[in-house]
>>> print(open('protein_9.txt').read())   # compact mmCIF, C-alpha atoms and all ligand atoms
# COMPACT_ATOMS: atom_id res chain seq x y z
CA MET A 1 -9.13 -53.16 22.99
CA LYS A 2 -6.09 -52.44 25.16
CA ARG A 3 -5.19 -48.83 25.61
CA ARG A 4 -1.86 -49.31 23.76
CA ASP A 5 -3.59 -50.95 20.78
CA PHE A 6 -6.13 -48.21 20.72
CA LEU A 7 -3.47 -45.50 20.65
CA THR A 8 -1.54 -47.29 17.91
CA LYS A 9 -4.64 -47.75 15.79
CA SER A 10 -5.70 -44.16 16.31
CA ALA A 11 -2.29 -42.91 15.27
CA ALA A 12 -2.37 -45.14 12.20
CA THR A 13 -5.77 -43.77 11.29
CA VAL A 14 -4.55 -40.22 11.58
CA ILE A 15 -1.49 -40.95 9.45
CA THR A 16 -3.57 -42.73 6.83
CA ALA A 17 -6.00 -39.88 6.70
CA GLY A 18 -3.12 -37.45 6.31
CA VAL A 19 -1.59 -39.41 3.46
CA LEU A 20 -4.93 -39.74 1.71
CA GLU A 21 -5.54 -36.05 2.05
CA SER A 22 -2.10 -35.32 0.70
CA CYS A 23 -2.70 -37.59 -2.32
CA ALA A 24 -6.05 -36.00 -2.94
CA ASN A 25 -4.46 -32.57 -2.97
CA THR A 26 -1.79 -33.68 -5.38
CA LYS A 27 -4.33 -35.21 -7.73
CA ALA A 28 -6.55 -32.18 -7.40
CA THR A 29 -4.01 -29.84 -8.96
CA THR A 30 -5.43 -28.89 -12.33
CA LYS A 31 -2.92 -28.15 -15.02
CA VAL A 32 -4.59 -25.33 -16.87
CA ASP A 33 -1.83 -25.47 -19.50
CA ASN A 34 -3.07 -28.87 -20.61
CA VAL A 35 -6.52 -27.58 -21.41
CA SER A 36 -5.71 -24.07 -22.57
CA ASN A 37 -6.36 -25.04 -26.17
CA VAL A 38 -10.01 -25.80 -25.47
CA TYR A 39 -10.84 -22.15 -24.79
CA MET A 40 -11.13 -19.14 -27.04
CA GLN A 41 -8.07 -17.24 -25.96
CA ASP A 42 -6.57 -15.27 -28.82
CA PHE A 43 -5.39 -11.85 -27.75
CA THR A 44 -7.65 -10.16 -30.27
CA GLN A 45 -11.41 -10.15 -30.59
CA LYS A 46 -12.70 -12.75 -33.04
CA PRO A 47 -15.71 -12.05 -35.29
CA LEU A 48 -19.08 -13.07 -33.86
CA ALA A 49 -20.40 -16.30 -35.35
CA PHE A 50 -23.86 -14.75 -35.78
CA ALA A 51 -25.53 -11.42 -36.59
CA TYR A 52 -26.31 -8.95 -33.80
CA ASN A 53 -30.05 -9.58 -34.25
CA ALA A 54 -29.77 -13.37 -34.44
CA LEU A 55 -30.53 -13.93 -30.74
CA GLU A 56 -33.78 -12.00 -30.80
CA PRO A 57 -36.20 -11.94 -29.09
CA TYR A 58 -34.14 -13.23 -26.15
CA ILE A 59 -31.21 -10.84 -26.53
CA ASP A 60 -31.87 -7.73 -28.63
CA ALA A 61 -29.70 -6.53 -31.49
CA THR A 62 -28.74 -3.21 -29.91
CA THR A 63 -27.56 -4.89 -26.72
CA MET A 64 -25.52 -7.42 -28.72
CA GLU A 65 -23.96 -4.70 -30.87
CA LEU A 66 -22.97 -2.53 -27.90
CA HIS A 67 -21.87 -5.54 -25.87
CA TYR A 68 -19.61 -6.90 -28.59
CA SER A 69 -18.38 -3.78 -30.40
CA LYS A 70 -18.02 -1.47 -27.39
CA HIS A 71 -17.79 -3.28 -24.05
CA ALA A 72 -15.97 -6.43 -25.13
CA ALA A 73 -13.83 -4.52 -27.62
CA ALA A 74 -12.68 -2.25 -24.80
CA TYR A 75 -11.54 -5.23 -22.70
CA ALA A 76 -9.48 -6.51 -25.64
CA LYS A 77 -7.87 -3.12 -26.23
CA ASN A 78 -7.18 -2.46 -22.56
CA MET A 79 -5.73 -5.94 -22.07
CA ASN A 80 -3.30 -5.34 -24.93
CA ASP A 81 -2.40 -1.95 -23.45
CA ALA A 82 -1.77 -3.67 -20.09
CA LEU A 83 0.45 -6.28 -21.78
CA LYS A 84 2.58 -3.48 -23.20
CA GLU A 85 2.63 -1.49 -19.97
CA GLU A 86 3.73 -4.51 -17.94
CA ASN A 87 6.12 -5.65 -20.68
CA ILE A 88 4.55 -9.09 -20.79
CA ILE A 89 5.69 -11.64 -23.31
CA GLU A 90 3.18 -14.40 -22.73
CA THR A 91 1.42 -16.15 -25.54
CA ASN A 92 -1.03 -18.07 -23.41
CA LEU A 93 -3.94 -16.14 -21.96
CA THR A 94 -4.91 -18.92 -19.54
CA ASN A 95 -1.39 -18.75 -18.08
CA ILE A 96 -1.94 -15.08 -17.34
CA LEU A 97 -5.28 -15.83 -15.72
CA SER A 98 -3.93 -18.63 -13.55
CA ASN A 99 -1.23 -16.24 -12.28
CA ILE A 100 -3.37 -13.10 -12.24
CA SER A 101 -2.40 -12.17 -8.67
CA LYS A 102 1.05 -11.27 -10.02
CA TYR A 103 -0.34 -8.63 -12.35
CA ARG A 104 -1.85 -5.20 -11.86
CA THR A 105 -5.59 -4.60 -11.53
CA LYS A 106 -5.82 -3.35 -15.12
CA MET A 107 -4.67 -6.76 -16.35
CA ARG A 108 -7.01 -8.62 -14.01
CA ASN A 109 -10.04 -6.63 -15.16
CA ASN A 110 -9.28 -6.68 -18.86
CA ALA A 111 -7.64 -10.07 -19.42
CA GLY A 112 -10.57 -11.48 -17.45
CA GLY A 113 -13.05 -9.40 -19.42
CA HIS A 114 -11.56 -10.36 -22.77
CA PHE A 115 -11.37 -14.07 -21.99
CA ASN A 116 -14.85 -14.16 -20.48
CA HIS A 117 -16.48 -12.46 -23.46
CA GLU A 118 -14.61 -14.35 -26.18
CA ASN A 119 -15.86 -17.55 -24.58
CA PHE A 120 -19.32 -16.19 -23.77
CA TRP A 121 -20.02 -15.61 -27.50
CA HIS A 122 -19.59 -19.37 -27.97
CA TRP A 123 -21.90 -20.29 -25.09
CA ILE A 124 -24.80 -18.64 -26.92
CA THR A 125 -26.18 -19.38 -30.38
CA PRO A 126 -29.30 -18.39 -32.33
CA GLY A 127 -32.26 -20.41 -31.06
CA GLY A 128 -30.07 -22.38 -28.69
CA ASN A 129 -29.69 -26.14 -29.07
CA LYS A 130 -30.45 -29.24 -27.08
CA MET A 131 -28.47 -30.90 -24.34
CA SER A 132 -26.94 -34.20 -25.33
CA GLN A 133 -27.82 -37.25 -23.25
CA ALA A 134 -24.28 -37.18 -21.85
CA ILE A 135 -24.83 -33.64 -20.53
CA ILE A 136 -28.26 -34.55 -19.16
CA ASP A 137 -26.76 -37.53 -17.35
CA LYS A 138 -23.88 -35.51 -15.87
CA LEU A 139 -26.07 -32.65 -14.70
CA THR A 140 -28.70 -35.00 -13.28
CA THR A 141 -26.10 -37.02 -11.39
CA THR A 142 -24.62 -33.90 -9.82
CA PHE A 143 -27.64 -31.67 -9.25
CA GLY A 144 -30.54 -34.15 -9.04
CA SER A 145 -32.39 -32.91 -12.11
CA ILE A 146 -32.02 -30.48 -15.00
CA ASP A 147 -34.53 -28.15 -13.34
CA ALA A 148 -32.51 -28.20 -10.12
CA PHE A 149 -29.33 -27.43 -12.08
CA LYS A 150 -30.97 -24.51 -13.91
CA LYS A 151 -32.39 -23.14 -10.68
CA GLU A 152 -29.04 -23.26 -8.89
CA PHE A 153 -27.21 -21.72 -11.85
CA SER A 154 -29.85 -19.00 -12.29
CA ASP A 155 -29.70 -18.23 -8.57
CA ALA A 156 -25.91 -17.89 -8.76
CA GLY A 157 -26.36 -15.24 -11.45
CA LEU A 158 -29.25 -13.56 -9.70
CA LYS A 159 -27.53 -13.36 -6.32
CA GLN A 160 -24.17 -12.15 -7.62
CA PHE A 161 -24.17 -8.67 -6.08
CA GLY A 162 -23.44 -5.99 -8.67
CA SER A 163 -21.53 -7.05 -11.78
CA GLY A 164 -20.14 -10.50 -12.35
CA TRP A 165 -20.57 -13.96 -13.80
CA ALA A 166 -22.19 -17.29 -12.98
CA TRP A 167 -20.26 -20.40 -13.93
CA LEU A 168 -20.61 -24.13 -14.29
CA ILE A 169 -17.11 -25.47 -13.67
CA VAL A 170 -15.25 -28.72 -13.38
CA ASN A 171 -13.61 -28.12 -10.02
CA ASN A 172 -10.22 -29.39 -8.85
CA ASN A 173 -11.86 -32.59 -7.59
CA LYS A 174 -13.23 -33.21 -11.10
CA GLN A 175 -16.77 -32.50 -9.92
CA LEU A 176 -19.26 -30.22 -11.62
CA GLN A 177 -19.95 -27.18 -9.46
CA ILE A 178 -21.79 -23.87 -9.80
CA VAL A 179 -19.98 -20.72 -8.66
CA SER A 180 -20.10 -16.99 -9.26
CA THR A 181 -17.34 -14.40 -9.51
CA PRO A 182 -17.42 -10.60 -9.20
CA ASN A 183 -16.43 -8.07 -11.87
CA GLN A 184 -14.51 -9.77 -14.72
CA ASP A 185 -12.92 -12.43 -12.54
CA ASN A 186 -13.32 -16.09 -13.46
CA PRO A 187 -12.62 -19.49 -11.88
CA LEU A 188 -9.33 -19.89 -13.80
CA MET A 189 -7.78 -17.09 -11.77
CA ASP A 190 -5.51 -17.95 -8.86
CA THR A 191 -7.47 -15.39 -6.86
CA ALA A 192 -10.78 -17.27 -7.24
CA ALA A 193 -12.36 -18.56 -4.04
CA ILE A 194 -13.24 -21.80 -5.84
CA LYS A 195 -11.07 -22.64 -8.81
CA GLY A 196 -11.94 -24.79 -11.78
CA LEU A 197 -12.40 -25.01 -15.51
CA PRO A 198 -15.51 -23.29 -16.88
CA VAL A 199 -17.84 -25.27 -19.16
CA LEU A 200 -20.59 -22.61 -19.14
CA GLY A 201 -20.56 -18.95 -18.19
CA LEU A 202 -23.27 -16.31 -17.88
CA ASP A 203 -22.57 -12.58 -18.00
CA VAL A 204 -24.80 -10.80 -15.47
CA TRP A 205 -23.36 -7.32 -15.92
CA GLU A 206 -26.15 -4.80 -16.56
CA HIS A 207 -24.59 -4.01 -19.96
CA ALA A 208 -25.62 -7.55 -21.00
CA TYR A 209 -29.34 -6.96 -20.46
CA TYR A 210 -30.36 -3.51 -19.24
CA LEU A 211 -31.70 -2.06 -22.52
CA LYS A 212 -34.29 -4.82 -22.85
CA TYR A 213 -34.79 -6.07 -19.32
CA GLN A 214 -33.93 -2.98 -17.23
CA ASN A 215 -33.62 -4.08 -13.60
CA LYS A 216 -35.19 -7.50 -14.21
CA ARG A 217 -32.12 -9.71 -14.14
CA THR A 218 -34.34 -12.72 -13.50
CA ASP A 219 -36.17 -12.21 -16.81
CA TYR A 220 -32.86 -11.88 -18.66
CA ILE A 221 -31.55 -15.11 -17.16
CA ASN A 222 -34.79 -16.96 -17.91
CA SER A 223 -34.58 -15.81 -21.56
CA TRP A 224 -30.89 -16.59 -21.80
CA TRP A 225 -31.54 -20.31 -21.33
CA SER A 226 -33.25 -20.22 -24.75
CA VAL A 227 -30.01 -19.35 -26.54
CA VAL A 228 -27.52 -21.55 -24.69
CA ASN A 229 -25.18 -23.45 -27.01
CA TRP A 230 -25.19 -26.88 -25.35
CA ASN A 231 -23.01 -28.20 -28.18
CA ARG A 232 -20.21 -26.01 -26.87
CA VAL A 233 -20.82 -27.16 -23.29
CA GLY A 234 -20.66 -30.77 -24.48
CA GLU A 235 -17.43 -30.09 -26.37
CA LEU A 236 -15.80 -28.59 -23.26
CA LEU A 237 -17.08 -31.35 -20.99
CA SER A 238 -15.72 -34.04 -23.28
CA LYS A 239 -12.28 -32.42 -23.18
CA ILE A 240 -12.01 -31.44 -19.53
CA GLY A 241 -14.87 -33.17 -17.70
MN MN B 301 -20.31 -8.34 -20.76
>>> encode(input="protein_9.txt", output="structure tokens")
Amino acid sequence: MKRRDFLTKSAATVITAGVLESCANTKATTKVDNVSNVYMQDFTQKPLAFAYNALEPYIDATTMELHYSKHAAAYAKNMNDALKEENIIETNLTNILSNISKYRTKMRNNAGGHFNHENFWHWITPGGNKMSQAIIDKLTTTFGSIDAFKKEFSDAGLKQFGSGWAWLIVNNNKQLQIVSTPNQDNPLMDTAAIKGLPVLGLDVWEHAYYLKYQNKRTDYINSWWSVVNWNRVGELLSKIG
């Protein structure tokens, strides 16, 4: 190849790559508004779909009662206080989350906490239920096997230092991905290192497990798999996956 041809071709390659990258970025923009209706996102706490003791022996009744009626209730109250304090007229909680960097810390902690818990109650159900074949196929394609998926997800929860959440998300490239977030952050927030739409979330705050499992977060996570509501995961995947 002559030097001139080489230079021309190289330049063309660079330009093509640039255009492709630009297109990919454009496509990758997730419009959270379009999927906001798939999440639980009322501004008030909804009743639990099951009794406090219904997840035993995996999650004990006292933990569930305190978790729902004290911890989660406080996030709901404090979020509504923050809405008043910041004079926010916004009817869409996911819009707040996707612009959370514009709000004060109180909003970040409590809007995140409220959203995370309202959705968490739907990711667990008495006795759990089975993965559909569609979920099995998607997880196997992405992670190699169901066991490999569970290990990676469990590790994300286990290795989250201090309080936080593990998530299975559909990322901005429409791929399934496992991430974790600190405190009450979540992958919908514009502050998240890796953004995406959650299809499964696991609360690894000590208040979610300490009464029964003490410092053994691993045992809590292992038990938690027994109450996962895969029907809900399938519902979310079919809408946003
Ligand atoms: Mn919690």
>>> residues_near_ligand(input="protein_9.txt", ligand="ligand MN 301 (chain B)", cutoff="7 Å", atoms="all atoms listed in the file", output="PDB file with C-alpha atoms, in the frame of the given file")
ATOM      1  CA  HIS A  67     -21.870  -5.540 -25.870  1.00  0.00           C
ATOM      2  CA  HIS A  71     -17.790  -3.280 -24.050  1.00  0.00           C
ATOM      3  CA  ALA A  72     -15.970  -6.430 -25.130  1.00  0.00           C
ATOM      4  CA  HIS A 117     -16.480 -12.460 -23.460  1.00  0.00           C
ATOM      5  CA  ASP A 203     -22.570 -12.580 -18.000  1.00  0.00           C
ATOM      6  CA  TRP A 205     -23.360  -7.320 -15.920  1.00  0.00           C
ATOM      7  CA  HIS A 207     -24.590  -4.010 -19.960  1.00  0.00           C
ATOM      8  CA  ALA A 208     -25.620  -7.550 -21.000  1.00  0.00           C
TER       9      ALA A 208
END
>>> closest_residue(input="protein_9.txt", among="A:Leu202, A:Ile59, A:Val179, A:Leu48", to="Glu118 (chain A)", atoms="only C-alpha atoms")
A:Leu48
>>> residues_near_point(input="protein_9.txt", point="(-13.8, -15.2, -15.0)", cutoff="6 Å", atoms="all atoms listed in the file", output="list in words")
Gly112, Asn116, Gln184, Asp185, Asn186 and Pro187 of chain A
>>> residues_around(input="protein_9.txt", residues="Asn222 (chain A)", least_positions_apart="3", cutoff="10 Å", atoms="all atoms listed in the file", output="ChimeraX atom specification")
/A:58,150-151,154,217-219,225-226
>>> residues_around(input="protein_9.txt", residues="Ile96 (chain A)", least_positions_apart="5", cutoff="9 Å", atoms="only C-alpha atoms", output="PyMOL selection string")
chain A and resi 90-91+102-103+107-108+111+189
>>> closest_residue(input="protein_9.txt", among="A:Glu206, A:Asn53, A:Thr142, A:Asn129", to="Gln160 (chain A)", atoms="all atoms listed in the file")
A:Glu206
>>> closest_residue(input="protein_9.txt", among="A:Asn231, A:Thr141, A:Ser180, A:Ser238", to="Lys159 (chain A)", atoms="all atoms listed in the file")
A:Ser180
>>> residues_around(input="protein_9.txt", residues="Thr44 (chain A)", least_positions_apart="5", cutoff="10 Å", atoms="all atoms listed in the file", output="PyMOL selection string")
chain A and resi 73+75-77+79-80+114-115+118
>>> closest_residue(input="protein_9.txt", among="A:Ala61, A:Met40, A:Ala82, A:Val233", to="Val199 (chain A)", atoms="all atoms listed in the file")
A:Val233
>>> closest_residue(input="protein_9.txt", among="A:Asn110, A:Ile135, A:Phe143, A:Gly241", to="Ile169 (chain A)", atoms="only C-alpha atoms")
A:Gly241
>>> atom_distance(input="protein_9.txt", atom1="CA of Leu188 (chain A)", atom2="CA of Asp155 (chain A)")
21.1 Å
>>> atom_distance(input="protein_9.txt", atom1="CA of Val228 (chain A)", atom2="CA of Phe149 (chain A)")
14.0 Å
>>> axis_aligned_box(input="protein_9.txt", around="region 218-230 of chain A", padding_each_side="4 Å", output="AutoDock Vina command-line options")
--center_x -30.7 --center_y -19.4 --center_z -20.3 --size_x 19.0 --size_y 23.0 --size_z 21.5
>>> atom_distance(input="protein_9.txt", atom1="CA of Gly157 (chain A)", atom2="CA of Ile221 (chain A)")
7.7 Å
>>> closest_residue(input="protein_9.txt", among="A:Gly234, A:Gly162, A:Leu97, A:Ile240", to="Asn215 (chain A)", atoms="only C-alpha atoms")
A:Gly162
>>> residues_near_point(input="protein_9.txt", point="(-27.1, -11.2, -28.6)", cutoff="10 Å", atoms="only C-alpha atoms", output="NGL selection string")
:A and (48 or 50-68 or 121 or 124-126 or 208-209 or 224 or 227)
